[in-house]
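Down below is the structure, laid out as C-alpha cells.
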Amino acid sequence: MADCAICGKKRAVGNNVSHANNRTKRTLMPNIQRIKIVTDGGNKRTYVCTRCIRSGKVVKTV
C-alpha cells in the first residue's frame with residue numbers, strides 16, 4: 001500500500017467492535033490516488049491522498 005507523498009498519510013489499524021463488545025483487528029485505508037503533479041524537476045506521477053488534492057497542496061498537470 002502506498003503512502004501520500006505530501007502528508008505521509010498511510011493505513012491505520014483499529015478494531016471492529018460488535019454489539020457484544022468483541023474486538024477484532026481491522027485496517028483503515030486512506031483514499032490515495034495516483035496522479036501526475038507539477039514539481040520543480042517537471043511532471044511526476046505520485047500517490048497523493050484526496051485531502052491534499054482538494055486542499056490545493058498539489059498542482060495537477062493538464
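By convention in this document, the chains of the C-alpha cells carry letters A, B, ... by their order, each chain's residues are numbered from 1, and ligands are numbered from 1 in the order they are shown.
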(message) Give me, as a list in words, the residues of chain A that a backbone DSSP run labels alpha helix (DSSP H).
(response) Thr50, Arg51, Cys52, Ile53, Arg54 and Ser55 of chain A
(request) Please identify all polymer residues within 8 Å of stretch 49-61 of chain A, counting only C-alpha atoms, omitting same-chain residues fewer than 3 positions from it, and present them as a list of chain:residue names. (result) A:Cys4, A:Ile6, A:Cys7, A:Lys9, A:Pro30, A:Asn31, A:Ile32, A:Gln33, A:Ile35, A:Lys36, A:Ile37, A:Val38, A:Asn43
Just to be explicit: take each residue in the selection above, keep C-alpha atoms, and write the result as an mmCIF file, in the first residue's frame.
```cif
data_model
loop_
_atom_site.group_PDB
_atom_site.id
_atom_site.type_symbol
_atom_site.label_atom_id
_atom_site.label_comp_id
_atom_site.auth_asym_id
_atom_site.auth_seq_id
_atom_site.Cartn_x
_atom_site.Cartn_y
_atom_site.Cartn_z
ATOM 1 C CA CYS A 4 0.663 10.022 0.426
ATOM 2 C CA ILE A 6 2.618 15.140 0.526
ATOM 3 C CA CYS A 7 1.320 14.499 4.054
ATOM 4 C CA LYS A 9 -0.884 9.526 5.348
ATOM 5 C CA PRO A 30 -6.889 6.271 3.159
ATOM 6 C CA ASN A 31 -8.251 7.352 -0.219
ATOM 7 C CA ILE A 32 -4.989 7.548 -2.179
ATOM 8 C CA GLN A 33 -4.931 8.278 -5.916
ATOM 9 C CA ILE A 35 -1.905 11.363 -10.221
ATOM 10 C CA LYS A 36 0.539 13.450 -12.239
ATOM 11 C CA ILE A 37 1.688 16.542 -10.342
ATOM 12 C CA VAL A 38 3.870 19.534 -11.172
ATOM 13 C CA ASN A 43 5.928 16.470 -14.114
#
```
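Reported to one decimal place, the separation of atom CA of A:Arg11 from atom CA of A:Thr27 is 6.6 Å.
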(message) Using only C-alpha atoms for the distances, tell me which of A:Gly42, A:Val48, A:Arg34, A:Arg26 is nearest to A:Lys10.
(response)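 That would be A:Val48, the residue with the smallest distance to A:Lys10.
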(request) State, in Å with one decimal place, the distance from atom CA of A:Tyr47 to atom CA of A:Asn15. (result)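 Between atom CA of A:Tyr47 and atom CA of A:Asn15 the gap is 26.2 Å.
Atom CA of A:Met1 sits 15.8 Å away from atom CA of A:Arg45.
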(request) Name the residues in contact with A:Asn16 at a cut-off of 12 Å, using only C-alpha atoms, excluding same-chain residues fewer than 3 positions from it; report them as a count of residues only. (result) 11
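Secondary structure of chain A, strand (DSSP E) only (DSSP, backbone atoms): Ala12, Val13, Gly14, Asn15, Asn16, Val17, Arg23, Thr24, Lys25, Arg26, Thr27, Leu28, Ile32, Gln33, Arg34, Ile35, Lys36, Ile37, Val38, Thr39, Gly42, Asn43, Lys44, Arg45, Thr46, Tyr47, Val48 and Cys49 of chain A.
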